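Chemist: So here's run_25.txt (compact mmCIF, N, CA and C atoms and all ligand atoms).
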```txt
# COMPACT_ATOMS: atom_id res chain seq x y z
N MET A 1 12.54 16.81 7.45
CA MET A 1 13.09 16.19 8.66
C MET A 1 13.59 14.79 8.30
N ALA A 2 14.86 14.68 8.01
CA ALA A 2 15.42 13.37 7.63
C ALA A 2 15.95 12.66 8.87
N ASP A 3 15.03 12.22 9.69
CA ASP A 3 15.41 11.54 10.93
C ASP A 3 15.60 10.06 10.70
N TRP A 4 16.02 9.41 11.76
CA TRP A 4 16.06 7.96 11.74
C TRP A 4 14.66 7.44 11.43
N PRO A 5 14.47 6.40 10.62
CA PRO A 5 15.55 5.64 9.97
C PRO A 5 15.94 6.18 8.60
N TYR A 6 15.29 7.28 8.19
CA TYR A 6 15.46 7.74 6.81
C TYR A 6 16.88 8.24 6.52
N SER A 7 17.58 8.58 7.57
CA SER A 7 18.94 9.10 7.39
C SER A 7 19.98 7.98 7.28
N THR A 8 19.54 6.75 7.47
CA THR A 8 20.52 5.66 7.51
C THR A 8 20.80 5.10 6.12
N ALA A 9 22.00 4.56 5.96
CA ALA A 9 22.38 3.91 4.70
C ALA A 9 21.47 2.71 4.46
N ARG A 10 21.09 2.06 5.56
CA ARG A 10 20.23 0.88 5.44
C ARG A 10 18.90 1.24 4.79
N TRP A 11 18.32 2.36 5.23
CA TRP A 11 17.05 2.78 4.64
C TRP A 11 17.24 3.18 3.17
N GLN A 12 18.32 3.88 2.88
CA GLN A 12 18.58 4.29 1.50
C GLN A 12 18.66 3.07 0.59
N ARG A 13 19.30 2.03 1.08
CA ARG A 13 19.40 0.79 0.29
C ARG A 13 18.04 0.14 0.10
N LEU A 14 17.27 0.09 1.18
CA LEU A 14 15.95 -0.54 1.14
C LEU A 14 15.03 0.24 0.19
N ARG A 15 15.09 1.55 0.30
CA ARG A 15 14.27 2.42 -0.54
C ARG A 15 14.60 2.22 -2.02
N LYS A 16 15.89 2.17 -2.30
CA LYS A 16 16.35 1.98 -3.67
C LYS A 16 15.89 0.62 -4.21
N ALA A 17 16.01 -0.40 -3.38
CA ALA A 17 15.61 -1.74 -3.79
C ALA A 17 14.11 -1.77 -4.07
N LYS A 18 13.34 -1.11 -3.21
CA LYS A 18 11.89 -1.10 -3.38
C LYS A 18 11.51 -0.36 -4.67
N LEU A 19 12.14 0.77 -4.90
CA LEU A 19 11.81 1.55 -6.10
C LEU A 19 12.27 0.86 -7.38
N SER A 20 13.32 0.05 -7.29
CA SER A 20 13.72 -0.66 -8.51
C SER A 20 12.79 -1.84 -8.74
N GLU A 21 12.24 -2.38 -7.66
CA GLU A 21 11.27 -3.47 -7.80
C GLU A 21 9.91 -2.90 -8.23
N SER A 22 9.53 -1.76 -7.70
CA SER A 22 8.24 -1.13 -8.00
C SER A 22 8.47 0.31 -8.43
N PRO A 23 8.85 0.50 -9.69
CA PRO A 23 9.16 1.87 -10.13
C PRO A 23 7.94 2.76 -10.28
N LEU A 24 6.75 2.16 -10.28
CA LEU A 24 5.54 2.97 -10.47
C LEU A 24 4.76 3.09 -9.16
N CYS A 25 4.07 4.21 -9.01
CA CYS A 25 3.22 4.42 -7.85
C CYS A 25 2.16 3.31 -7.80
N GLU A 26 2.13 2.58 -6.69
CA GLU A 26 1.23 1.42 -6.61
C GLU A 26 -0.23 1.84 -6.53
N THR A 27 -0.47 3.00 -5.94
CA THR A 27 -1.85 3.48 -5.84
C THR A 27 -2.34 3.96 -7.20
N CYS A 28 -1.52 4.72 -7.90
CA CYS A 28 -1.93 5.20 -9.23
C CYS A 28 -2.12 4.01 -10.18
N GLU A 29 -1.28 3.00 -10.03
CA GLU A 29 -1.38 1.82 -10.88
C GLU A 29 -2.74 1.16 -10.72
N ARG A 30 -3.26 1.19 -9.48
CA ARG A 30 -4.58 0.62 -9.23
C ARG A 30 -5.65 1.35 -10.01
N ARG A 31 -5.38 2.60 -10.33
CA ARG A 31 -6.35 3.39 -11.09
C ARG A 31 -6.02 3.37 -12.57
N GLY A 32 -5.08 2.51 -12.95
CA GLY A 32 -4.72 2.39 -14.35
C GLY A 32 -3.83 3.51 -14.84
N ARG A 33 -3.21 4.23 -13.90
CA ARG A 33 -2.32 5.31 -14.31
C ARG A 33 -0.88 4.93 -14.02
N LYS A 34 0.00 5.26 -14.91
CA LYS A 34 1.41 4.97 -14.70
C LYS A 34 2.12 6.24 -14.27
N VAL A 35 2.45 6.29 -13.00
CA VAL A 35 3.11 7.46 -12.45
C VAL A 35 4.38 6.98 -11.74
N GLU A 36 5.46 7.65 -12.00
CA GLU A 36 6.72 7.25 -11.38
C GLU A 36 6.64 7.42 -9.86
N ALA A 37 7.05 6.40 -9.15
CA ALA A 37 7.06 6.48 -7.68
C ALA A 37 8.34 7.18 -7.23
N GLN A 38 8.18 8.07 -6.27
CA GLN A 38 9.34 8.76 -5.72
C GLN A 38 9.48 8.50 -4.24
N HIS A 39 8.43 8.00 -3.64
CA HIS A 39 8.43 7.81 -2.19
C HIS A 39 8.25 6.33 -1.87
N VAL A 40 8.86 5.93 -0.78
CA VAL A 40 8.63 4.58 -0.28
C VAL A 40 7.97 4.72 1.09
N ASP A 41 6.77 4.18 1.14
CA ASP A 41 5.93 4.37 2.32
C ASP A 41 5.95 3.12 3.19
N HIS A 42 6.00 3.33 4.49
CA HIS A 42 5.79 2.22 5.43
C HIS A 42 4.30 1.96 5.47
N ILE A 43 3.87 0.76 5.09
CA ILE A 43 2.44 0.48 5.11
C ILE A 43 1.92 0.61 6.54
N VAL A 44 2.67 0.07 7.49
CA VAL A 44 2.37 0.33 8.90
C VAL A 44 3.39 1.35 9.38
N ALA A 45 2.92 2.53 9.70
CA ALA A 45 3.82 3.61 10.10
C ALA A 45 4.67 3.18 11.30
N ILE A 46 5.90 3.66 11.31
CA ILE A 46 6.78 3.35 12.43
C ILE A 46 6.13 3.83 13.73
N ALA A 47 5.49 4.99 13.64
CA ALA A 47 4.83 5.56 14.82
C ALA A 47 3.70 4.66 15.32
N ALA A 48 3.17 3.84 14.42
CA ALA A 48 2.08 2.93 14.80
C ALA A 48 2.62 1.56 15.19
N GLY A 49 3.93 1.45 15.32
CA GLY A 49 4.51 0.19 15.77
C GLY A 49 5.06 -0.66 14.64
N GLY A 50 5.01 -0.16 13.42
CA GLY A 50 5.54 -0.92 12.28
C GLY A 50 7.06 -0.96 12.32
N PRO A 51 7.64 -1.97 11.67
CA PRO A 51 9.11 -2.07 11.65
C PRO A 51 9.71 -0.94 10.81
N ALA A 52 10.86 -0.45 11.24
CA ALA A 52 11.54 0.62 10.51
C ALA A 52 12.09 0.12 9.19
N PHE A 53 12.52 -1.15 9.18
CA PHE A 53 13.11 -1.74 7.98
C PHE A 53 12.34 -3.01 7.64
N PRO A 54 11.12 -2.85 7.15
CA PRO A 54 10.29 -4.03 6.90
C PRO A 54 10.76 -4.79 5.66
N VAL A 55 10.20 -5.97 5.45
CA VAL A 55 10.42 -6.68 4.19
C VAL A 55 9.72 -5.88 3.10
N MET A 56 10.02 -6.21 1.85
CA MET A 56 9.49 -5.45 0.71
C MET A 56 7.97 -5.28 0.79
N ASP A 57 7.27 -6.34 1.19
CA ASP A 57 5.82 -6.27 1.21
C ASP A 57 5.30 -5.32 2.28
N GLY A 58 6.16 -4.92 3.18
CA GLY A 58 5.76 -3.95 4.19
C GLY A 58 5.95 -2.52 3.72
N LEU A 59 6.40 -2.41 2.49
CA LEU A 59 6.65 -1.08 1.93
C LEU A 59 5.79 -0.90 0.69
N ARG A 60 5.52 0.37 0.37
CA ARG A 60 4.73 0.65 -0.81
C ARG A 60 5.40 1.80 -1.56
N ALA A 61 5.56 1.61 -2.85
CA ALA A 61 6.10 2.68 -3.68
C ALA A 61 4.96 3.62 -4.05
N LEU A 62 5.14 4.90 -3.79
CA LEU A 62 4.07 5.88 -4.05
C LEU A 62 4.64 7.12 -4.72
N CYS A 63 3.77 7.81 -5.46
CA CYS A 63 4.16 9.12 -5.96
C CYS A 63 3.96 10.13 -4.82
N ALA A 64 4.47 11.32 -5.00
CA ALA A 64 4.42 12.31 -3.92
C ALA A 64 2.98 12.59 -3.50
N SER A 65 2.10 12.68 -4.48
CA SER A 65 0.71 13.03 -4.18
C SER A 65 0.02 11.92 -3.37
N CYS A 66 0.16 10.68 -3.82
CA CYS A 66 -0.48 9.57 -3.09
C CYS A 66 0.13 9.42 -1.70
N HIS A 67 1.42 9.68 -1.59
CA HIS A 67 2.06 9.54 -0.29
C HIS A 67 1.52 10.58 0.69
N SER A 68 1.31 11.78 0.22
CA SER A 68 0.84 12.79 1.15
C SER A 68 -0.62 12.54 1.54
N ILE A 69 -1.41 12.02 0.59
CA ILE A 69 -2.81 11.68 0.91
C ILE A 69 -2.83 10.57 1.95
N LYS A 70 -1.99 9.55 1.73
CA LYS A 70 -1.94 8.43 2.66
C LYS A 70 -1.48 8.88 4.04
N THR A 71 -0.43 9.71 4.06
CA THR A 71 0.10 10.16 5.33
C THR A 71 -0.94 10.98 6.10
N ASN A 72 -1.64 11.85 5.37
CA ASN A 72 -2.65 12.67 6.03
C ASN A 72 -3.80 11.83 6.56
N ALA A 73 -4.17 10.81 5.80
CA ALA A 73 -5.34 10.02 6.18
C ALA A 73 -5.03 9.03 7.30
N LEU A 74 -3.84 8.46 7.27
CA LEU A 74 -3.59 7.34 8.16
C LEU A 74 -2.59 7.62 9.27
N ASP A 75 -1.57 8.38 8.96
CA ASP A 75 -0.46 8.45 9.89
C ASP A 75 -0.53 9.66 10.82
N ARG A 76 -1.53 10.49 10.65
CA ARG A 76 -1.64 11.65 11.53
C ARG A 76 -2.86 11.51 12.41
N ALA A 77 -2.74 12.08 13.57
CA ALA A 77 -3.88 12.08 14.49
C ALA A 77 -5.05 12.79 13.82
N GLY A 78 -6.23 12.20 13.94
CA GLY A 78 -7.40 12.83 13.34
C GLY A 78 -7.61 12.46 11.89
N GLY A 79 -6.71 11.61 11.34
CA GLY A 79 -6.89 11.15 9.97
C GLY A 79 -8.12 10.27 9.88
N LYS A 80 -8.66 10.18 8.68
CA LYS A 80 -9.93 9.45 8.53
C LYS A 80 -9.73 7.94 8.47
N GLY A 81 -8.50 7.50 8.27
CA GLY A 81 -8.26 6.07 8.30
C GLY A 81 -8.41 5.39 6.95
N VAL A 82 -8.98 6.07 5.99
CA VAL A 82 -9.07 5.50 4.66
C VAL A 82 -8.23 6.38 3.74
N ALA A 83 -7.16 5.82 3.22
CA ALA A 83 -6.19 6.63 2.49
C ALA A 83 -6.71 7.04 1.13
N ILE A 84 -7.45 6.15 0.50
CA ILE A 84 -7.84 6.40 -0.87
C ILE A 84 -9.34 6.20 -0.97
N LYS A 85 -10.02 7.24 -1.34
CA LYS A 85 -11.47 7.13 -1.42
C LYS A 85 -11.88 6.53 -2.76
N GLY A 86 -13.02 5.88 -2.75
CA GLY A 86 -13.61 5.43 -4.00
C GLY A 86 -13.28 3.99 -4.34
N CYS A 87 -13.87 3.53 -5.43
CA CYS A 87 -13.72 2.16 -5.86
C CYS A 87 -13.10 2.11 -7.24
N GLY A 88 -12.43 1.01 -7.52
CA GLY A 88 -11.89 0.81 -8.85
C GLY A 88 -12.94 0.25 -9.78
N VAL A 89 -12.54 -0.02 -11.02
CA VAL A 89 -13.49 -0.56 -12.01
C VAL A 89 -14.02 -1.93 -11.59
N ASP A 90 -13.24 -2.61 -10.73
CA ASP A 90 -13.68 -3.92 -10.25
C ASP A 90 -14.68 -3.80 -9.11
N GLY A 91 -15.00 -2.56 -8.70
CA GLY A 91 -15.96 -2.37 -7.63
C GLY A 91 -15.37 -2.53 -6.25
N LEU A 92 -14.08 -2.83 -6.18
CA LEU A 92 -13.43 -2.97 -4.88
C LEU A 92 -12.82 -1.63 -4.49
N PRO A 93 -12.72 -1.40 -3.19
CA PRO A 93 -12.12 -0.13 -2.77
C PRO A 93 -10.71 0.03 -3.33
N LEU A 94 -10.37 1.27 -3.70
CA LEU A 94 -9.03 1.53 -4.23
C LEU A 94 -7.98 1.42 -3.15
N ASP A 95 -8.39 1.70 -1.93
CA ASP A 95 -7.43 1.69 -0.83
C ASP A 95 -7.12 0.24 -0.44
N PRO A 96 -5.88 -0.21 -0.68
CA PRO A 96 -5.57 -1.61 -0.36
C PRO A 96 -5.66 -1.91 1.13
N ASP A 97 -5.69 -0.87 1.96
CA ASP A 97 -5.80 -1.10 3.39
C ASP A 97 -7.25 -1.00 3.87
N HIS A 98 -8.17 -0.80 2.94
CA HIS A 98 -9.58 -0.67 3.32
C HIS A 98 -10.01 -1.93 4.06
N PRO A 99 -10.76 -1.77 5.15
CA PRO A 99 -11.19 -2.95 5.92
C PRO A 99 -11.92 -3.99 5.07
N PHE A 100 -12.60 -3.54 4.03
CA PHE A 100 -13.30 -4.48 3.16
C PHE A 100 -12.32 -5.44 2.51
N LEU A 101 -11.16 -4.93 2.15
CA LEU A 101 -10.17 -5.77 1.47
C LEU A 101 -9.31 -6.56 2.45
N THR A 102 -8.96 -5.92 3.54
CA THR A 102 -8.10 -6.63 4.49
C THR A 102 -8.93 -7.64 5.27
N GLY A 103 -10.22 -7.34 5.45
CA GLY A 103 -11.11 -8.28 6.09
C GLY A 103 -10.72 -8.61 7.53
N GLY A 104 -9.71 -7.95 8.01
CA GLY A 104 -9.30 -8.17 9.38
C GLY A 104 -8.49 -9.43 9.56
N ASP A 105 -8.77 -10.46 8.77
CA ASP A 105 -8.08 -11.72 8.98
C ASP A 105 -7.30 -12.16 7.75
N THR A 106 -7.30 -11.34 6.73
CA THR A 106 -6.59 -11.70 5.51
C THR A 106 -5.29 -10.92 5.44
N PRO A 107 -4.16 -11.59 5.59
CA PRO A 107 -2.91 -10.84 5.52
C PRO A 107 -2.75 -10.25 4.13
N LEU A 108 -2.20 -9.05 4.07
CA LEU A 108 -1.95 -8.44 2.77
C LEU A 108 -0.94 -9.28 2.03
N GLU A 109 -1.25 -9.59 0.80
CA GLU A 109 -0.30 -10.36 0.01
C GLU A 109 0.67 -9.39 -0.65
N GLY A 110 1.50 -9.93 -1.48
CA GLY A 110 2.50 -9.11 -2.15
C GLY A 110 1.89 -7.91 -2.84
N ARG A 111 2.72 -6.96 -3.15
CA ARG A 111 2.23 -5.73 -3.76
C ARG A 111 1.41 -6.05 -5.00
N GLY A 112 0.29 -5.37 -5.14
CA GLY A 112 -0.53 -5.56 -6.33
C GLY A 112 -1.46 -6.75 -6.23
N ALA A 113 -1.10 -7.72 -5.42
CA ALA A 113 -1.92 -8.93 -5.36
C ALA A 113 -3.31 -8.61 -4.85
N VAL A 114 -3.39 -7.76 -3.85
CA VAL A 114 -4.68 -7.40 -3.28
C VAL A 114 -5.52 -6.66 -4.31
N ALA A 115 -4.84 -5.90 -5.16
CA ALA A 115 -5.57 -5.13 -6.16
C ALA A 115 -6.24 -6.03 -7.17
N GLN A 116 -5.62 -7.14 -7.48
CA GLN A 116 -6.12 -7.98 -8.55
C GLN A 116 -7.12 -9.03 -8.04
N ARG A 117 -7.05 -9.31 -6.78
CA ARG A 117 -7.83 -10.42 -6.28
C ARG A 117 -8.76 -9.97 -5.16
N PRO A 118 -9.96 -10.49 -5.14
CA PRO A 118 -10.84 -10.16 -4.02
C PRO A 118 -10.29 -10.78 -2.73
N ALA A 119 -10.63 -10.17 -1.62
CA ALA A 119 -10.23 -10.74 -0.35
C ALA A 119 -10.96 -12.07 -0.14
N ALA A 120 -10.47 -12.83 0.82
CA ALA A 120 -10.98 -14.18 1.02
C ALA A 120 -12.50 -14.23 1.18
N HIS A 121 -13.06 -13.31 1.97
CA HIS A 121 -14.50 -13.40 2.20
C HIS A 121 -15.27 -13.09 0.94
N THR A 122 -14.68 -12.27 0.07
CA THR A 122 -15.33 -11.98 -1.19
C THR A 122 -15.25 -13.20 -2.12
N ALA A 123 -14.10 -13.85 -2.09
CA ALA A 123 -13.92 -15.03 -2.94
C ALA A 123 -14.92 -16.12 -2.56
N SER A 124 -15.11 -16.32 -1.25
CA SER A 124 -16.03 -17.39 -0.87
C SER A 124 -17.46 -17.02 -1.26
N GLN A 125 -17.74 -15.73 -1.28
CA GLN A 125 -19.06 -15.29 -1.73
C GLN A 125 -19.24 -15.60 -3.22
N LEU A 126 -18.18 -15.36 -3.99
CA LEU A 126 -18.24 -15.66 -5.42
C LEU A 126 -18.47 -17.15 -5.63
N VAL A 127 -17.75 -17.96 -4.86
CA VAL A 127 -17.89 -19.41 -4.99
C VAL A 127 -19.34 -19.80 -4.72
N ARG A 128 -19.93 -19.17 -3.70
CA ARG A 128 -21.30 -19.48 -3.36
C ARG A 128 -22.23 -19.06 -4.50
N ASP A 129 -22.01 -17.84 -5.01
CA ASP A 129 -22.90 -17.33 -6.05
C ASP A 129 -22.80 -18.15 -7.35
N TRP A 130 -21.59 -18.61 -7.62
CA TRP A 130 -21.40 -19.36 -8.87
C TRP A 130 -21.70 -20.84 -8.69
N GLY A 131 -21.92 -21.27 -7.48
CA GLY A 131 -22.23 -22.67 -7.22
C GLY A 131 -21.13 -23.63 -7.58
N VAL A 132 -19.87 -23.19 -7.41
CA VAL A 132 -18.77 -24.13 -7.68
C VAL A 132 -18.16 -24.60 -6.37
ZN ZN B 201 0.25 7.95 -7.03
```
With the file now loaded, output its structure as structure tokens.
Ligand SMILES: [Zn+2]
Modeler:
Amino acid sequence: MADWPYSTARWQRLRKAKLSESPLCETCERRGRKVEAQHVDHIVAIAAGGPAFPVMDGLRALCASCHSIKTNALDRAGGKGVAIKGCGVDGLPLDPDHPFLTGGDTPLEGRGAVAQRPAAHTASQLVRDWGV
């Protein structure tokens, strides 16, 4: 179903730009796997009120498999709300939208940034633990 906005030239351009900026699946990359991204996902689904043509950070490059997992978990009624189960080697949830990482008050930073850095509340905990 290639409906609006996916049928528009504007979306095609945006998708192309995103994939050239992020040629690898961002979710697989979090797991240390290099998989070519074929899909560009709206982080906030249009159906959930997200913009149809968001800025780059509102989009995520995904492989077909990660995109379908994400869509099933988040964008469909009855989805569990957590797109990616499990934790990475850093002990943080793999799902960049996991409430633990977003913390409710921490805006998602650029792609990959959330993967590399603990969310604000985690950082302040580290500061406390390290006494700096
Ligand atoms: Zn993937």
Chemist: Return as a PDB file with N, CA and C atoms, keeping the file's coordinate frame the residues of protein, DNA or RNA that approach ligand ZN 201 (chain B) to within 10 Å, with only C-alpha atoms and all ligand atoms taken into account.
Modeler:
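Dumped everything to part-v7.pdb:
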```
ATOM      1  N   LEU A  24       6.750   2.160 -10.280  1.00  0.00           N
ATOM      2  CA  LEU A  24       5.540   2.970 -10.470  1.00  0.00           C
ATOM      3  C   LEU A  24       4.760   3.090  -9.160  1.00  0.00           C
ATOM      4  N   CYS A  25       4.070   4.210  -9.010  1.00  0.00           N
ATOM      5  CA  CYS A  25       3.220   4.420  -7.850  1.00  0.00           C
ATOM      6  C   CYS A  25       2.160   3.310  -7.800  1.00  0.00           C
ATOM      7  N   GLU A  26       2.130   2.580  -6.690  1.00  0.00           N
ATOM      8  CA  GLU A  26       1.230   1.420  -6.610  1.00  0.00           C
ATOM      9  C   GLU A  26      -0.230   1.840  -6.530  1.00  0.00           C
ATOM     10  N   THR A  27      -0.470   3.000  -5.940  1.00  0.00           N
ATOM     11  CA  THR A  27      -1.850   3.480  -5.840  1.00  0.00           C
ATOM     12  C   THR A  27      -2.340   3.960  -7.200  1.00  0.00           C
ATOM     13  N   CYS A  28      -1.520   4.720  -7.900  1.00  0.00           N
ATOM     14  CA  CYS A  28      -1.930   5.200  -9.230  1.00  0.00           C
ATOM     15  C   CYS A  28      -2.120   4.010 -10.180  1.00  0.00           C
ATOM     16  N   GLU A  29      -1.280   3.000 -10.030  1.00  0.00           N
ATOM     17  CA  GLU A  29      -1.380   1.820 -10.880  1.00  0.00           C
ATOM     18  C   GLU A  29      -2.740   1.160 -10.720  1.00  0.00           C
ATOM     19  N   ARG A  30      -3.260   1.190  -9.480  1.00  0.00           N
ATOM     20  CA  ARG A  30      -4.580   0.620  -9.230  1.00  0.00           C
ATOM     21  C   ARG A  30      -5.650   1.350 -10.010  1.00  0.00           C
ATOM     22  N   ARG A  31      -5.380   2.600 -10.330  1.00  0.00           N
ATOM     23  CA  ARG A  31      -6.350   3.390 -11.090  1.00  0.00           C
ATOM     24  C   ARG A  31      -6.020   3.370 -12.570  1.00  0.00           C
ATOM     25  N   ARG A  33      -3.210   4.230 -13.900  1.00  0.00           N
ATOM     26  CA  ARG A  33      -2.320   5.310 -14.310  1.00  0.00           C
ATOM     27  C   ARG A  33      -0.880   4.930 -14.020  1.00  0.00           C
ATOM     28  N   LYS A  34       0.000   5.260 -14.910  1.00  0.00           N
ATOM     29  CA  LYS A  34       1.410   4.970 -14.700  1.00  0.00           C
ATOM     30  C   LYS A  34       2.120   6.240 -14.270  1.00  0.00           C
ATOM     31  N   VAL A  35       2.450   6.290 -13.000  1.00  0.00           N
ATOM     32  CA  VAL A  35       3.110   7.460 -12.450  1.00  0.00           C
ATOM     33  C   VAL A  35       4.380   6.980 -11.740  1.00  0.00           C
ATOM     34  N   GLU A  36       5.460   7.650 -12.000  1.00  0.00           N
ATOM     35  CA  GLU A  36       6.720   7.250 -11.380  1.00  0.00           C
ATOM     36  C   GLU A  36       6.640   7.420  -9.860  1.00  0.00           C
ATOM     37  N   ALA A  37       7.050   6.400  -9.150  1.00  0.00           N
ATOM     38  CA  ALA A  37       7.060   6.480  -7.680  1.00  0.00           C
ATOM     39  C   ALA A  37       8.340   7.180  -7.230  1.00  0.00           C
ATOM     40  N   GLN A  38       8.180   8.070  -6.270  1.00  0.00           N
ATOM     41  CA  GLN A  38       9.340   8.760  -5.720  1.00  0.00           C
ATOM     42  C   GLN A  38       9.480   8.500  -4.240  1.00  0.00           C
ATOM     43  N   HIS A  39       8.430   8.000  -3.640  1.00  0.00           N
ATOM     44  CA  HIS A  39       8.430   7.810  -2.190  1.00  0.00           C
ATOM     45  C   HIS A  39       8.250   6.330  -1.870  1.00  0.00           C
ATOM     46  N   ALA A  61       5.560   1.610  -2.850  1.00  0.00           N
ATOM     47  CA  ALA A  61       6.100   2.680  -3.680  1.00  0.00           C
ATOM     48  C   ALA A  61       4.960   3.620  -4.050  1.00  0.00           C
ATOM     49  N   LEU A  62       5.140   4.900  -3.790  1.00  0.00           N
ATOM     50  CA  LEU A  62       4.070   5.880  -4.050  1.00  0.00           C
ATOM     51  C   LEU A  62       4.640   7.120  -4.720  1.00  0.00           C
ATOM     52  N   CYS A  63       3.770   7.810  -5.460  1.00  0.00           N
ATOM     53  CA  CYS A  63       4.160   9.120  -5.960  1.00  0.00           C
ATOM     54  C   CYS A  63       3.960  10.130  -4.820  1.00  0.00           C
ATOM     55  N   ALA A  64       4.470  11.320  -5.000  1.00  0.00           N
ATOM     56  CA  ALA A  64       4.420  12.310  -3.920  1.00  0.00           C
ATOM     57  C   ALA A  64       2.980  12.590  -3.500  1.00  0.00           C
ATOM     58  N   SER A  65       2.100  12.680  -4.480  1.00  0.00           N
ATOM     59  CA  SER A  65       0.710  13.030  -4.180  1.00  0.00           C
ATOM     60  C   SER A  65       0.020  11.920  -3.370  1.00  0.00           C
ATOM     61  N   CYS A  66       0.160  10.680  -3.820  1.00  0.00           N
ATOM     62  CA  CYS A  66      -0.480   9.570  -3.090  1.00  0.00           C
ATOM     63  C   CYS A  66       0.130   9.420  -1.700  1.00  0.00           C
ATOM     64  N   HIS A  67       1.420   9.680  -1.590  1.00  0.00           N
ATOM     65  CA  HIS A  67       2.060   9.540  -0.290  1.00  0.00           C
ATOM     66  C   HIS A  67       1.520  10.580   0.690  1.00  0.00           C
ATOM     67  N   SER A  68       1.310  11.780   0.220  1.00  0.00           N
ATOM     68  CA  SER A  68       0.840  12.790   1.150  1.00  0.00           C
ATOM     69  C   SER A  68      -0.620  12.540   1.540  1.00  0.00           C
ATOM     70  N   ILE A  69      -1.410  12.020   0.590  1.00  0.00           N
ATOM     71  CA  ILE A  69      -2.810  11.680   0.910  1.00  0.00           C
ATOM     72  C   ILE A  69      -2.830  10.570   1.950  1.00  0.00           C
ATOM     73  N   LYS A  70      -1.990   9.550   1.730  1.00  0.00           N
ATOM     74  CA  LYS A  70      -1.940   8.430   2.660  1.00  0.00           C
ATOM     75  C   LYS A  70      -1.480   8.880   4.040  1.00  0.00           C
TER      76      LYS A  70
END
```
Chemist: At what distance in Å, to one decimal, does atom C of Arg60 (chain A) lie from atom C of Ala47 (chain A)?
Modeler: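 That distance, rounded to one decimal, is 17.2 Å.
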Chemist: Using only C-alpha atoms, find the one residue out of A:Ser20, A:Leu94, A:Ala52, A:Thr71 that sits nearest to Trp4 (chain A).
Modeler: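 Among A:Ser20, A:Leu94, A:Ala52, A:Thr71, it is A:Ala52 that comes nearest to Trp4 (chain A).
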Chemist: Atom C of Pro23 (chain A) and atom C of Ile46 (chain A) are how many Å apart?
Modeler: 24.1 Å
Chemist: Please indicate the distance in Å from atom C of Gly58 (chain A) to atom C of Ile43 (chain A), rounded to one decimal place.
Modeler: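 Separating atom C of Gly58 (chain A) from atom C of Ile43 (chain A) is a distance of 5.8 Å.
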Chemist: Pick out the closest residue to Ala17 (chain A) from this set: A:Ala45, A:Gly50, A:Met56, A:Pro5. Count all atoms listed in the file.
Modeler: A:Met56
Chemist: Between A:Pro93, A:Asp3, A:Lys18, A:Leu74, which has the minimum distance to Val55 (chain A) (counting only C-alpha atoms)?
Modeler: A:Lys18
Chemist: Of the residues A:Pro51, A:Gly32, A:Asn72, A:Leu59, which is the one nearest to Lys16 (chain A), using only C-alpha atoms?
Modeler: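 Ranked by minimum distance to Lys16 (chain A), first place goes to A:Leu59.
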